[in-house]
>>> print(open('target20.cif').read())   # mmCIF, C-alpha atoms and all ligand atoms
data_model
loop_
_atom_site.group_PDB
_atom_site.id
_atom_site.type_symbol
_atom_site.label_atom_id
_atom_site.label_comp_id
_atom_site.auth_asym_id
_atom_site.auth_seq_id
_atom_site.Cartn_x
_atom_site.Cartn_y
_atom_site.Cartn_z
ATOM 1 C CA MET L 25 -60.814 17.787 -45.405
ATOM 2 C CA LYS L 26 -59.101 17.718 -48.783
ATOM 3 C CA ILE L 27 -55.302 17.504 -48.720
ATOM 4 C CA ILE L 28 -53.443 17.861 -51.995
ATOM 5 C CA LEU L 29 -49.839 16.939 -52.755
ATOM 6 C CA LEU L 30 -48.209 18.315 -55.870
ATOM 7 C CA GLY L 31 -44.767 18.513 -57.393
ATOM 8 C CA TYR L 32 -42.595 17.289 -60.225
ATOM 9 C CA MET L 33 -42.520 13.691 -61.409
ATOM 10 C CA GLY L 34 -40.577 11.548 -58.964
ATOM 11 C CA SER L 35 -41.108 13.804 -55.963
ATOM 12 C CA GLY L 36 -42.730 11.058 -53.896
ATOM 13 C CA LYS L 37 -46.309 12.382 -53.994
ATOM 14 C CA THR L 38 -47.750 8.877 -53.999
ATOM 15 C CA THR L 39 -45.501 7.427 -51.298
ATOM 16 C CA LEU L 40 -45.995 10.381 -48.984
ATOM 17 C CA GLY L 41 -49.685 10.657 -49.840
ATOM 18 C CA LYS L 42 -50.321 7.047 -48.854
ATOM 19 C CA ALA L 43 -48.466 7.494 -45.563
ATOM 20 C CA LEU L 44 -50.277 10.755 -44.800
ATOM 21 C CA ALA L 45 -53.671 9.265 -45.608
ATOM 22 C CA LYS L 46 -52.938 6.392 -43.240
ATOM 23 C CA LYS L 47 -51.859 8.757 -40.487
ATOM 24 C CA LYS L 48 -54.946 10.994 -40.879
ATOM 25 C CA ASN L 49 -57.299 8.107 -41.547
ATOM 26 C CA PHE L 50 -58.471 9.518 -44.889
ATOM 27 C CA PRO L 51 -58.778 7.694 -48.183
ATOM 28 C CA PHE L 52 -55.834 8.135 -50.561
ATOM 29 C CA ILE L 53 -56.371 8.935 -54.229
ATOM 30 C CA ASP L 54 -53.641 9.077 -56.857
ATOM 31 C CA LEU L 55 -55.001 11.139 -59.765
ATOM 32 C CA ASP L 56 -53.046 9.145 -62.381
ATOM 33 C CA ASN L 57 -54.504 5.880 -61.038
ATOM 34 C CA TYR L 58 -57.970 7.410 -60.881
ATOM 35 C CA ILE L 59 -57.702 8.413 -64.554
ATOM 36 C CA GLU L 60 -56.341 4.961 -65.463
ATOM 37 C CA GLU L 61 -59.286 3.233 -63.783
ATOM 38 C CA LYS L 62 -61.894 5.526 -65.321
ATOM 39 C CA GLU L 63 -60.351 5.323 -68.793
ATOM 40 C CA ASP L 64 -59.389 1.654 -68.514
ATOM 41 C CA ALA L 65 -55.919 2.406 -69.885
ATOM 42 C CA SER L 66 -52.533 3.308 -68.426
ATOM 43 C CA VAL L 67 -51.238 6.885 -68.613
ATOM 44 C CA LYS L 68 -48.570 5.586 -70.983
ATOM 45 C CA GLU L 69 -51.224 4.044 -73.274
ATOM 46 C CA ILE L 70 -53.382 7.185 -73.198
ATOM 47 C CA PHE L 71 -50.415 9.351 -74.237
ATOM 48 C CA ALA L 72 -49.445 6.879 -76.968
ATOM 49 C CA THR L 73 -52.888 6.320 -78.493
ATOM 50 C CA LYS L 74 -54.774 9.574 -77.853
ATOM 51 C CA GLY L 75 -51.994 12.112 -77.209
ATOM 52 C CA GLU L 76 -51.122 14.525 -74.419
ATOM 53 C CA ILE L 77 -53.958 17.006 -75.081
ATOM 54 C CA TYR L 78 -56.553 14.269 -74.630
ATOM 55 C CA PHE L 79 -54.810 13.231 -71.397
ATOM 56 C CA ARG L 80 -54.815 16.839 -70.107
ATOM 57 C CA LYS L 81 -58.557 17.191 -70.816
ATOM 58 C CA LYS L 82 -59.298 14.009 -68.897
ATOM 59 C CA GLU L 83 -56.938 15.039 -66.093
ATOM 60 C CA THR L 84 -58.824 18.333 -65.673
ATOM 61 C CA PHE L 85 -62.193 16.593 -65.907
ATOM 62 C CA TYR L 86 -61.408 14.041 -63.186
ATOM 63 C CA LEU L 87 -59.676 16.616 -60.998
ATOM 64 C CA ASN L 88 -62.876 18.705 -61.123
ATOM 65 C CA GLU L 89 -64.980 15.660 -60.342
ATOM 66 C CA LEU L 90 -62.909 14.956 -57.223
ATOM 67 C CA LEU L 91 -62.660 18.565 -56.046
ATOM 68 C CA LEU L 92 -66.392 19.162 -56.424
ATOM 69 C CA SER L 93 -67.275 16.016 -54.461
ATOM 70 C CA GLU L 94 -68.072 16.153 -50.761
ATOM 71 C CA LYS L 95 -65.369 13.585 -50.049
ATOM 72 C CA ASP L 96 -62.417 13.946 -47.688
ATOM 73 C CA PHE L 97 -59.148 12.611 -49.104
ATOM 74 C CA VAL L 98 -55.447 12.933 -49.588
ATOM 75 C CA LEU L 99 -54.946 13.458 -53.318
ATOM 76 C CA ALA L 100 -51.620 13.088 -55.136
ATOM 77 C CA LEU L 101 -51.715 15.024 -58.410
ATOM 78 C CA GLY L 102 -49.737 14.173 -61.550
ATOM 79 C CA GLY L 103 -46.636 16.285 -62.071
ATOM 80 C CA GLY L 104 -48.319 18.357 -64.783
ATOM 81 C CA THR L 105 -51.776 18.740 -63.208
ATOM 82 C CA PRO L 106 -51.195 22.195 -61.625
ATOM 83 C CA CYS L 107 -49.783 23.576 -64.885
ATOM 84 C CA PHE L 108 -52.731 23.220 -67.256
ATOM 85 C CA GLY L 109 -55.937 25.228 -67.752
ATOM 86 C CA ASN L 110 -57.409 26.689 -64.585
ATOM 87 C CA ASN L 111 -56.528 23.670 -62.464
ATOM 88 C CA MET L 112 -54.553 25.645 -59.902
ATOM 89 C CA ASP L 113 -57.376 28.201 -59.518
ATOM 90 C CA LEU L 114 -59.885 25.488 -58.756
ATOM 91 C CA ILE L 115 -57.480 23.754 -56.376
ATOM 92 C CA SER L 116 -56.807 27.009 -54.471
ATOM 93 C CA LYS L 117 -60.532 27.713 -54.187
ATOM 94 C CA THR L 118 -61.268 24.249 -52.858
ATOM 95 C CA THR L 119 -58.681 23.799 -50.109
ATOM 96 C CA LYS L 120 -55.948 25.588 -48.202
ATOM 97 C CA ASN L 121 -54.157 22.298 -47.566
ATOM 98 C CA THR L 122 -51.993 22.142 -50.673
ATOM 99 C CA PHE L 123 -48.352 21.081 -50.422
ATOM 100 C CA TYR L 124 -45.592 21.398 -52.998
ATOM 101 C CA LEU L 125 -43.020 18.637 -52.463
ATOM 102 C CA LYS L 126 -39.924 20.424 -53.695
ATOM 103 C CA TYR L 127 -36.673 18.717 -54.713
ATOM 104 C CA ASN L 128 -33.727 20.252 -56.528
ATOM 105 C CA PRO L 129 -33.201 19.123 -60.156
ATOM 106 C CA LYS L 130 -30.193 16.995 -59.204
ATOM 107 C CA SER L 131 -32.165 14.902 -56.713
ATOM 108 C CA LEU L 132 -35.049 14.579 -59.170
ATOM 109 C CA THR L 133 -32.640 13.394 -61.841
ATOM 110 C CA GLU L 134 -31.280 10.709 -59.526
ATOM 111 C CA ARG L 135 -34.757 9.637 -58.486
ATOM 112 C CA LEU L 136 -36.118 9.584 -62.054
ATOM 113 C CA SER L 137 -33.184 7.973 -63.837
ATOM 114 C CA VAL L 138 -34.314 4.610 -62.442
ATOM 115 C CA GLU L 139 -38.028 5.075 -63.052
ATOM 116 C CA LYS L 140 -38.568 6.976 -66.287
ATOM 117 C CA ASN L 141 -40.191 4.247 -68.334
ATOM 118 C CA ALA L 142 -43.800 4.688 -67.238
ATOM 119 C CA ARG L 143 -43.504 8.448 -67.759
ATOM 120 C CA PRO L 144 -44.132 9.405 -71.370
ATOM 121 C CA LEU L 145 -42.669 12.911 -71.087
ATOM 122 C CA ILE L 146 -39.208 11.617 -70.160
ATOM 123 C CA SER L 147 -39.107 7.947 -71.216
ATOM 124 C CA HIS L 148 -37.405 8.823 -74.527
ATOM 125 C CA LEU L 149 -34.556 10.762 -72.867
ATOM 126 C CA LYS L 150 -31.088 9.368 -72.264
ATOM 127 C CA ASN L 151 -29.991 9.534 -68.638
ATOM 128 C CA GLU L 152 -27.238 12.015 -69.528
ATOM 129 C CA ASP L 153 -29.857 14.440 -70.945
ATOM 130 C CA LEU L 154 -32.256 14.093 -68.057
ATOM 131 C CA GLU L 155 -30.871 16.750 -65.700
ATOM 132 C CA GLU L 156 -30.890 19.514 -68.303
ATOM 133 C CA PHE L 157 -34.447 18.628 -69.314
ATOM 134 C CA ILE L 158 -35.621 18.583 -65.697
ATOM 135 C CA GLN L 159 -33.923 21.895 -64.950
ATOM 136 C CA LYS L 160 -35.733 23.658 -67.808
ATOM 137 C CA HIS L 161 -39.039 21.920 -67.202
ATOM 138 C CA LEU L 162 -38.966 22.715 -63.504
ATOM 139 C CA PHE L 163 -38.190 26.352 -64.282
ATOM 140 C CA GLU L 164 -41.382 26.491 -66.382
ATOM 141 C CA ARG L 165 -43.480 24.631 -63.861
ATOM 142 C CA ASN L 166 -42.267 26.188 -60.610
ATOM 143 C CA PRO L 167 -44.570 29.255 -60.846
ATOM 144 C CA TYR L 168 -47.556 26.886 -60.795
ATOM 145 C CA TYR L 169 -46.170 24.662 -58.066
ATOM 146 C CA LEU L 170 -45.362 27.675 -55.902
ATOM 147 C CA ARG L 171 -49.040 28.549 -55.787
ATOM 148 C CA ALA L 172 -49.469 25.710 -53.270
ATOM 149 C CA ASN L 173 -50.160 26.984 -49.760
ATOM 150 C CA HIS L 174 -47.003 25.356 -48.436
ATOM 151 C CA THR L 175 -43.697 24.405 -50.006
ATOM 152 C CA ILE L 176 -41.886 21.532 -48.319
ATOM 153 C CA SER L 177 -38.174 21.323 -49.147
ATOM 154 C CA MET L 178 -37.773 17.595 -49.328
ATOM 155 C CA ASP L 179 -34.090 17.175 -50.178
ATOM 156 C CA ASN L 180 -32.867 16.278 -46.709
ATOM 157 C CA LEU L 181 -36.068 14.999 -45.149
ATOM 158 C CA SER L 182 -37.099 11.442 -44.366
ATOM 159 C CA VAL L 183 -40.696 10.404 -45.117
ATOM 160 C CA GLU L 184 -41.381 10.524 -41.373
ATOM 161 C CA GLU L 185 -39.998 14.082 -41.050
ATOM 162 C CA SER L 186 -41.943 15.375 -44.034
ATOM 163 C CA LEU L 187 -45.119 13.757 -42.689
ATOM 164 C CA LYS L 188 -44.682 15.528 -39.369
ATOM 165 C CA LYS L 189 -44.104 18.855 -41.137
ATOM 166 C CA ILE L 190 -47.221 18.498 -43.239
ATOM 167 C CA ASP L 191 -49.313 17.336 -40.292
ATOM 168 C CA ASN L 192 -48.287 20.435 -38.286
ATOM 169 C CA LEU L 193 -49.284 22.718 -41.166
ATOM 170 C CA LEU L 194 -52.762 21.260 -41.774
ATOM 171 C CA ASN L 195 -55.702 23.500 -41.050
HETATM 172 C C1 LIG I 201 -46.797 13.986 -65.851
HETATM 173 C C2 LIG I 201 -46.606 13.313 -64.668
HETATM 174 C C3 LIG I 201 -47.099 11.961 -64.418
HETATM 175 C C4 LIG I 201 -48.333 11.667 -65.292
HETATM 176 C C5 LIG I 201 -48.022 11.949 -66.723
HETATM 177 C C6 LIG I 201 -47.587 13.404 -66.978
HETATM 178 C C7 LIG I 201 -46.249 15.349 -66.006
HETATM 179 O O1 LIG I 201 -47.431 11.802 -63.041
HETATM 180 O O2 LIG I 201 -49.435 12.433 -64.878
HETATM 181 O O3 LIG I 201 -47.009 11.064 -67.135
HETATM 182 O O4 LIG I 201 -46.710 16.099 -66.901
HETATM 183 O O5 LIG I 201 -45.368 15.733 -65.190
HETATM 184 P P1 LIG I 201 -46.306 11.642 -61.865
HETATM 185 O O6 LIG I 201 -45.937 13.019 -61.427
HETATM 186 O O7 LIG I 201 -47.033 10.880 -60.823
HETATM 187 O O8 LIG I 201 -45.172 10.892 -62.475
#
>>> encode(input="target20.cif", output="structure tokens")
Amino acid sequence: MKIILLGYMGSGKTTLGKALAKKKNFPFIDLDNYIEEKEDASVKEIFATKGEIYFRKKETFYLNELLLSEKDFVLALGGGTPCFGNNMDLISKTTKNTFYLKYNPKSLTERLSVEKNARPLISHLKNEDLEEFIQKHLFERNPYYLRANHTISMDNLSVEESLKKIDNLLN
């Protein structure tokens, strides 16, 4: 079984993914970490030295590699993964267990204001400009995210509650 978690930066894909993988006894893969290991560079370094387009090509390449493998896993995508090329088509063809972890822009702003530095798309922004940026960005990205089979509204859920929800929806 392939379970895929997607959503904006800071939506807890990695934290929840690890907990879900533990619960289901599947390996956990974080796509950003997978890319970092394969490329022997951090996402931040890749953006800085080779640029975003190079990163997106690699992201699509490694996503394909994972989706075409026979492996079972819980996979946490990067925030932008569903929004480039045909990534969402391939994801939808591969598994029906895709979950959009949805937060409102205000919660995302709070969550990201303390952890923007490793994220090249927002690291240059001042905290007071973050909410407006996130609002616009999320508006552009939502159509892709909403192609997930399930949308989990995370704003008032604990990790335990969201895990239970996802577990009940798996098929
Ligand atoms: C990105 C999100 C990041 C990482 C890269 C680009 C994005 O992953 O892939 O910095 O385009 O939203 P997280 O969602 O894990 O922060």
>>> residues_around(input="target20.cif", residues="L:Lys26", least_positions_apart="6", cutoff="12 Å", atoms="only C-alpha atoms", output="PyMOL selection string")
chain L and resi 41+44-45+48+50-53+90-100+115-123+194-195
>>> residues_around(input="target20.cif", residues="L:Lys188", least_positions_apart="2", cutoff="12 Å", atoms="all atoms listed in the file", output="ChimeraX atom specification")
/L:40,43-44,47-48,176,181-186,190-194
>>> resolve_selection(input="target20.cif", expression="the PyMOL selection byres (((not hetatm)) within 7 of (chain I and resi 201))", output="PyMOL selection string")
chain L and resi 31-34+56+67-68+101-105+143-145
>>> resolve_selection(input="target20.cif", expression="the PyMOL selection byres (((chain L and resi 166-169) around 9) and not hetatm)", output="list of chain:residue names")
L:Leu30, L:Gly31, L:Tyr32, L:Pro106, L:Cys107, L:Met112, L:Phe123, L:Tyr124, L:Leu125, L:Lys126, L:His161, L:Leu162, L:Phe163, L:Glu164, L:Arg165, L:Leu170, L:Arg171, L:Ala172, L:Thr175
>>> write_last_selection(input="target20.cif", atoms="C-alpha atoms", output="CSV table (one decimal), in the frame of the given file")
chain,number,residue,atom,x,y,z
L,30,LEU,CA,-48.2,18.3,-55.9
L,31,GLY,CA,-44.8,18.5,-57.4
L,32,TYR,CA,-42.6,17.3,-60.2
L,106,PRO,CA,-51.2,22.2,-61.6
L,107,CYS,CA,-49.8,23.6,-64.9
L,112,MET,CA,-54.6,25.6,-59.9
L,123,PHE,CA,-48.4,21.1,-50.4
L,124,TYR,CA,-45.6,21.4,-53.0
L,125,LEU,CA,-43.0,18.6,-52.5
L,126,LYS,CA,-39.9,20.4,-53.7
L,161,HIS,CA,-39.0,21.9,-67.2
L,162,LEU,CA,-39.0,22.7,-63.5
L,163,PHE,CA,-38.2,26.4,-64.3
L,164,GLU,CA,-41.4,26.5,-66.4
L,165,ARG,CA,-43.5,24.6,-63.9
L,170,LEU,CA,-45.4,27.7,-55.9
L,171,ARG,CA,-49.0,28.5,-55.8
L,172,ALA,CA,-49.5,25.7,-53.3
L,175,THR,CA,-43.7,24.4,-50.0
>>> residues_near_point(input="target20.cif", point="(-30.7, 17.0, -57.9)", cutoff="12 Å", atoms="only C-alpha atoms", output="PDB file with C-alpha atoms, in the frame of the given file")
ATOM      1  CA  GLY L  34     -40.577  11.548 -58.964  1.00  0.00           C
ATOM      2  CA  SER L  35     -41.108  13.804 -55.963  1.00  0.00           C
ATOM      3  CA  LYS L 126     -39.924  20.424 -53.695  1.00  0.00           C
ATOM      4  CA  TYR L 127     -36.673  18.717 -54.713  1.00  0.00           C
ATOM      5  CA  ASN L 128     -33.727  20.252 -56.528  1.00  0.00           C
ATOM      6  CA  PRO L 129     -33.201  19.123 -60.156  1.00  0.00           C
ATOM      7  CA  LYS L 130     -30.193  16.995 -59.204  1.00  0.00           C
ATOM      8  CA  SER L 131     -32.165  14.902 -56.713  1.00  0.00           C
ATOM      9  CA  LEU L 132     -35.049  14.579 -59.170  1.00  0.00           C
ATOM     10  CA  THR L 133     -32.640  13.394 -61.841  1.00  0.00           C
ATOM     11  CA  GLU L 134     -31.280  10.709 -59.526  1.00  0.00           C
ATOM     12  CA  ARG L 135     -34.757   9.637 -58.486  1.00  0.00           C
ATOM     13  CA  LEU L 136     -36.118   9.584 -62.054  1.00  0.00           C
ATOM     14  CA  SER L 137     -33.184   7.973 -63.837  1.00  0.00           C
ATOM     15  CA  LEU L 154     -32.256  14.093 -68.057  1.00  0.00           C
ATOM     16  CA  GLU L 155     -30.871  16.750 -65.700  1.00  0.00           C
ATOM     17  CA  GLU L 156     -30.890  19.514 -68.303  1.00  0.00           C
ATOM     18  CA  ILE L 158     -35.621  18.583 -65.697  1.00  0.00           C
ATOM     19  CA  GLN L 159     -33.923  21.895 -64.950  1.00  0.00           C
ATOM     20  CA  LEU L 162     -38.966  22.715 -63.504  1.00  0.00           C
ATOM     21  CA  MET L 178     -37.773  17.595 -49.328  1.00  0.00           C
ATOM     22  CA  ASP L 179     -34.090  17.175 -50.178  1.00  0.00           C
ATOM     23  CA  ASN L 180     -32.867  16.278 -46.709  1.00  0.00           C
TER      24      ASN L 180
END
>>> atom_distance(input="target20.cif", atom1="atom CA of L:Asn111", atom2="atom CA of L:Arg80")
10.4 Å
>>> atom_distance(input="target20.cif", atom1="atom CA of L:Ala72", atom2="atom CA of L:Gly109")
21.5 Å
>>> atom_distance(input="target20.cif", atom1="atom CA of L:Asn141", atom2="atom CA of L:Thr38")
16.9 Å
>>> resolve_selection(input="target20.cif", expression="the PyMOL selection byres (((chain L and resi 71) around 12) and not hetatm)", output="number ranges by chain")
L: 60, 65-70, 72-83, 142-145, 147
